[in-house]
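One file, structure.pdb, carrying PDB, C-alpha atoms:
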```
MODEL        1
ATOM      1  CA  MET X 879       1.916  -7.852  15.354  1.00  0.00           C
ATOM      2  CA  GLY X 880       1.098  -4.598  13.657  1.00  0.00           C
ATOM      3  CA  ALA X 881      -1.468  -3.125  11.304  1.00  0.00           C
ATOM      4  CA  ARG X 882      -1.712   0.059   9.288  1.00  0.00           C
ATOM      5  CA  ALA X 883      -4.417   1.689   7.182  1.00  0.00           C
ATOM      6  CA  ARG X 884      -4.024   4.673   4.898  1.00  0.00           C
ATOM      7  CA  GLU X 885      -6.270   6.598   2.531  1.00  0.00           C
ATOM      8  CA  SER X 886      -5.102   9.292   0.144  1.00  0.00           C
ATOM      9  CA  ARG X 887      -6.757  11.407  -2.527  1.00  0.00           C
ATOM     10  CA  ALA X 888      -5.304  13.081  -5.576  1.00  0.00           C
ATOM     11  CA  ASP X 889      -7.112  15.691  -7.664  1.00  0.00           C
ATOM     12  CA  TYR X 890      -5.550  16.737 -10.958  1.00  0.00           C
ATOM     13  CA  ASP X 891      -6.004  20.274 -12.269  1.00  0.00           C
ATOM     14  CA  GLY X 892      -3.736  20.208 -15.329  1.00  0.00           C
ATOM     15  CA  ALA X 893      -4.808  20.465 -18.941  1.00  0.00           C
ATOM     16  CA  GLY X 894      -2.874  17.510 -20.391  1.00  0.00           C
ATOM     17  CA  ALA X 895      -4.120  14.023 -21.166  1.00  0.00           C
ATOM     18  CA  ALA X 896      -2.690  12.656 -17.889  1.00  0.00           C
ATOM     19  CA  HIS X 897      -4.907  15.072 -15.927  1.00  0.00           C
ATOM     20  CA  ARG X 898      -8.212  14.548 -17.771  1.00  0.00           C
ATOM     21  CA  THR X 899     -10.556  11.626 -18.330  1.00  0.00           C
ATOM     22  CA  ALA X 900     -11.733  10.549 -21.785  1.00  0.00           C
ATOM     23  CA  ASP X 901     -14.791  12.815 -21.521  1.00  0.00           C
ATOM     24  CA  GLY X 902     -12.688  15.851 -20.444  1.00  0.00           C
ATOM     25  CA  ALA X 903     -13.477  15.825 -16.715  1.00  0.00           C
ATOM     26  CA  ALA X 904     -10.698  16.458 -14.196  1.00  0.00           C
ATOM     27  CA  ARG X 905      -9.115  13.229 -12.983  1.00  0.00           C
ATOM     28  CA  ALA X 906      -9.639  12.277  -9.313  1.00  0.00           C
ATOM     29  CA  ASP X 907      -8.030   9.274  -7.587  1.00  0.00           C
ATOM     30  CA  ARG X 908      -8.555   7.665  -4.189  1.00  0.00           C
ATOM     31  CA  THR X 909      -6.032   5.121  -2.913  1.00  0.00           C
ATOM     32  CA  ARG X 910      -6.615   2.841   0.090  1.00  0.00           C
ATOM     33  CA  THR X 911      -3.836   0.745   1.581  1.00  0.00           C
ATOM     34  CA  LEU X 912      -4.101  -1.898   4.315  1.00  0.00           C
ATOM     35  CA  SER X 913      -1.026  -3.604   5.757  1.00  0.00           C
ATOM     36  CA  ALA X 914      -0.539  -6.216   8.453  1.00  0.00           C
ATOM     37  CA  SER X 915       2.651  -7.770   9.769  1.00  0.00           C
ATOM     38  CA  VAL X 916       3.472 -10.361  12.359  1.00  0.00           C
ATOM     39  CA  PHE X 917       6.749 -11.628  13.799  1.00  0.00           C
ATOM     40  CA  ASN X 918       7.730 -14.303  16.298  1.00  0.00           C
ATOM     41  CA  ARG X 919      10.250 -13.280  18.976  1.00  0.00           C
ATOM     42  CA  GLY X 920      10.386 -16.860  20.191  1.00  0.00           C
ATOM     43  CA  LEU X 921      12.142 -17.954  16.993  1.00  0.00           C
ATOM     44  CA  THR X 922      15.542 -16.237  16.777  1.00  0.00           C
ATOM     45  CA  LEU X 923      18.520 -16.948  14.551  1.00  0.00           C
ATOM     46  CA  PHE X 924      21.685 -14.847  15.031  1.00  0.00           C
ATOM     47  CA  GLY X 925      19.581 -12.236  16.865  1.00  0.00           C
ATOM     48  CA  PHE X 926      16.959 -11.911  14.114  1.00  0.00           C
ATOM     49  CA  SER X 927      13.305 -13.013  14.163  1.00  0.00           C
ATOM     50  CA  PRO X 928      11.221 -13.731  11.029  1.00  0.00           C
ATOM     51  CA  ARG X 929       8.500 -11.265   9.987  1.00  0.00           C
ATOM     52  CA  VAL X 930       5.682 -11.820   7.501  1.00  0.00           C
ATOM     53  CA  SER X 931       3.778  -8.852   6.030  1.00  0.00           C
ATOM     54  CA  VAL X 932       0.743  -8.635   3.746  1.00  0.00           C
ATOM     55  CA  HIS X 933      -0.259  -5.470   1.852  1.00  0.00           C
ATOM     56  CA  HIS X 934      -3.455  -4.712  -0.048  1.00  0.00           C
ATOM     57  CA  GLU X 935      -3.783  -1.558  -2.148  1.00  0.00           C
ATOM     58  CA  ARG X 936      -6.746  -0.370  -4.213  1.00  0.00           C
ATOM     59  CA  ARG X 937      -6.895   2.743  -6.390  1.00  0.00           C
ATOM     60  CA  ALA X 938     -10.304   3.981  -7.511  1.00  0.00           C
ATOM     61  CA  THR X 939     -10.272   6.622 -10.221  1.00  0.00           C
ATOM     62  CA  ASN X 940     -12.597   8.210 -12.722  1.00  0.00           C
ATOM     63  CA  ALA X 941      -9.942   7.835 -15.456  1.00  0.00           C
ATOM     64  CA  GLN X 942     -10.468   4.767 -17.615  1.00  0.00           C
ATOM     65  CA  ALA X 943      -7.984   1.882 -17.154  1.00  0.00           C
ATOM     66  CA  LEU X 944      -5.953   3.594 -14.394  1.00  0.00           C
ATOM     67  CA  GLY X 945      -7.614   1.981 -11.381  1.00  0.00           C
ATOM     68  CA  TYR X 946      -6.031  -1.130  -9.910  1.00  0.00           C
ATOM     69  CA  GLU X 947      -6.013  -3.573  -7.030  1.00  0.00           C
ATOM     70  CA  ARG X 948      -2.764  -5.047  -5.745  1.00  0.00           C
ATOM     71  CA  LEU X 949      -1.999  -7.750  -3.157  1.00  0.00           C
ATOM     72  CA  SER X 950       1.588  -8.353  -2.097  1.00  0.00           C
ATOM     73  CA  GLY X 951       3.564  -9.967   0.684  1.00  0.00           C
ATOM     74  CA  GLU X 952       6.992  -9.784   2.265  1.00  0.00           C
ATOM     75  CA  LEU X 953       9.167 -12.128   4.246  1.00  0.00           C
ATOM     76  CA  GLY X 954      11.835 -10.375   6.261  1.00  0.00           C
ATOM     77  CA  ALA X 955      13.774 -10.343   9.517  1.00  0.00           C
ATOM     78  CA  VAL X 956      13.516  -8.106  12.575  1.00  0.00           C
ATOM     79  CA  ARG X 957      16.218  -7.503  15.141  1.00  0.00           C
ATOM     80  CA  GLN X 958      15.022  -6.748  18.663  1.00  0.00           C
ATOM     81  CA  PHE X 959      17.115  -4.387  20.808  1.00  0.00           C
TER
ENDMDL
END
```
Starting from the file, give its structure as structure tokens.
Amino acid sequence: MGARARESRADYDGAGAAHRTADGAARADRTRTLSASVFNRGLTLFGFSPRVSVHHERRATNAQALGYERLSGELGAVRQF
């Protein structure tokens, strides 16, 4: 079992439309990511064990329509050495 958390910030100083909000302020983003994964060593097929992961990501921004929230999952295999 494993877990990971990450937070990142991005400040934009450019003059173009991608770097400014609708009212002309500098764009600023904050992204938070949480991930968790679990695998079962007791269940092994050809030396591989199944792993399930879940990821949640949220971007908060002062730029209109560029913030988002995303939930995703993975099913994979892990080989123990």
Worksheet item: Out of X:Ser886, X:Ser931, X:Asn940, X:Thr899, which residue has the shortest atom-to-atom distance to Val916 in chain X when counting all atoms listed in the file?
Response: X:Ser931
Worksheet item: Any idea what the distance is between CA of Leu949 in chain X and CA of Ser927 in chain X?
Response: 23.7 Å
Practice prompt. Excluding Glu885 in chain X and any residue of its chain fewer than 2 positions from it, enumerate the residues within 9 Å of it, using only C-alpha atoms, and give them as a VMD selection string.
Written response: chain X and resid 883 887 908 to 912
Take the residues from that selection and put them in a file with C-alpha atoms, as a CSV table (one decimal), keeping the file's coordinate frame.
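Once written, result-v5.csv looks like this:
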```csv
chain,number,residue,atom,x,y,z
X,883,ALA,CA,-4.4,1.7,7.2
X,887,ARG,CA,-6.8,11.4,-2.5
X,908,ARG,CA,-8.6,7.7,-4.2
X,909,THR,CA,-6.0,5.1,-2.9
X,910,ARG,CA,-6.6,2.8,0.1
X,911,THR,CA,-3.8,0.7,1.6
X,912,LEU,CA,-4.1,-1.9,4.3
```
Item to complete: Determine the residue membership of the PyMOL selection byres ((chain X and resi 889-895) around 10) for the file above and supply it as a ChimeraX atom specification.
Response: /X:887-888,896-900,902-908,939
Written file, previous selection with C-alpha atoms, as a PDB file, in the frame of the given file:
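File written: out_32.pdb
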```
ATOM      1  CA  ARG X 887      -6.757  11.407  -2.527  1.00  0.00           C
ATOM      2  CA  ALA X 888      -5.304  13.081  -5.576  1.00  0.00           C
ATOM      3  CA  ALA X 896      -2.690  12.656 -17.889  1.00  0.00           C
ATOM      4  CA  HIS X 897      -4.907  15.072 -15.927  1.00  0.00           C
ATOM      5  CA  ARG X 898      -8.212  14.548 -17.771  1.00  0.00           C
ATOM      6  CA  THR X 899     -10.556  11.626 -18.330  1.00  0.00           C
ATOM      7  CA  ALA X 900     -11.733  10.549 -21.785  1.00  0.00           C
ATOM      8  CA  GLY X 902     -12.688  15.851 -20.444  1.00  0.00           C
ATOM      9  CA  ALA X 903     -13.477  15.825 -16.715  1.00  0.00           C
ATOM     10  CA  ALA X 904     -10.698  16.458 -14.196  1.00  0.00           C
ATOM     11  CA  ARG X 905      -9.115  13.229 -12.983  1.00  0.00           C
ATOM     12  CA  ALA X 906      -9.639  12.277  -9.313  1.00  0.00           C
ATOM     13  CA  ASP X 907      -8.030   9.274  -7.587  1.00  0.00           C
ATOM     14  CA  ARG X 908      -8.555   7.665  -4.189  1.00  0.00           C
ATOM     15  CA  THR X 939     -10.272   6.622 -10.221  1.00  0.00           C
TER      16      THR X 939
END
```
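Straight-line separation from CA of Ala955 in chain X to CA of Arg884 in chain X: 23.7 Å.
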Could you tell me which residues the PyMOL selection byres ((chain X and resi 956-958) around 7) returns for this structure, as an mmCIF file with C-alpha atoms, keeping the file's coordinate frame?
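The result, written out as selection-v5.cif:
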```cif
data_model
loop_
_atom_site.group_PDB
_atom_site.id
_atom_site.type_symbol
_atom_site.label_atom_id
_atom_site.label_comp_id
_atom_site.auth_asym_id
_atom_site.auth_seq_id
_atom_site.Cartn_x
_atom_site.Cartn_y
_atom_site.Cartn_z
ATOM 1 C CA GLY X 925 19.581 -12.236 16.865
ATOM 2 C CA PHE X 926 16.959 -11.911 14.114
ATOM 3 C CA SER X 927 13.305 -13.013 14.163
ATOM 4 C CA PRO X 928 11.221 -13.731 11.029
ATOM 5 C CA ARG X 929 8.500 -11.265 9.987
ATOM 6 C CA GLY X 954 11.835 -10.375 6.261
ATOM 7 C CA ALA X 955 13.774 -10.343 9.517
ATOM 8 C CA PHE X 959 17.115 -4.387 20.808
#
```
Response to the item:
Pairwise distance, CA of Gly951 in chain X with CA of Gly880 in chain X, equals 14.3 Å
Practice prompt. Return as a PyMOL selection string the set of residues that the PyMOL selection byres ((chain X and resi 915) around 9) yields on the displayed structure.
Written response: chain X and resi 879-882+913-914+916-917+929-933+952
Could you write out as JSON the box around range 932-947 of chain X (axis-aligned, all atoms listed in the file, 5 Å on each side), with centre and edge lengths in Å to one decimal?
```
{"center_x": -5.9, "center_y": -0.2, "center_z": -6.9, "size_x": 23.3, "size_y": 26.8, "size_z": 31.4}
```
Worksheet item: Any idea what's packed within 9 Å of Tyr946 in chain X, counting all atoms listed in the file, ignoring anything in its chain fewer than 4 positions away? Could you give it as a PyMOL selection string?
Response: chain X and resi 935-939
Selection from above, C-alpha atoms, as an mmCIF file, in the coordinates of the input, can you write it?
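Final output, saved to out07.cif:
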```
data_model
loop_
_atom_site.group_PDB
_atom_site.id
_atom_site.type_symbol
_atom_site.label_atom_id
_atom_site.label_comp_id
_atom_site.auth_asym_id
_atom_site.auth_seq_id
_atom_site.Cartn_x
_atom_site.Cartn_y
_atom_site.Cartn_z
ATOM 1 C CA GLU X 935 -3.783 -1.558 -2.148
ATOM 2 C CA ARG X 936 -6.746 -0.370 -4.213
ATOM 3 C CA ARG X 937 -6.895 2.743 -6.390
ATOM 4 C CA ALA X 938 -10.304 3.981 -7.511
ATOM 5 C CA THR X 939 -10.272 6.622 -10.221
#
```
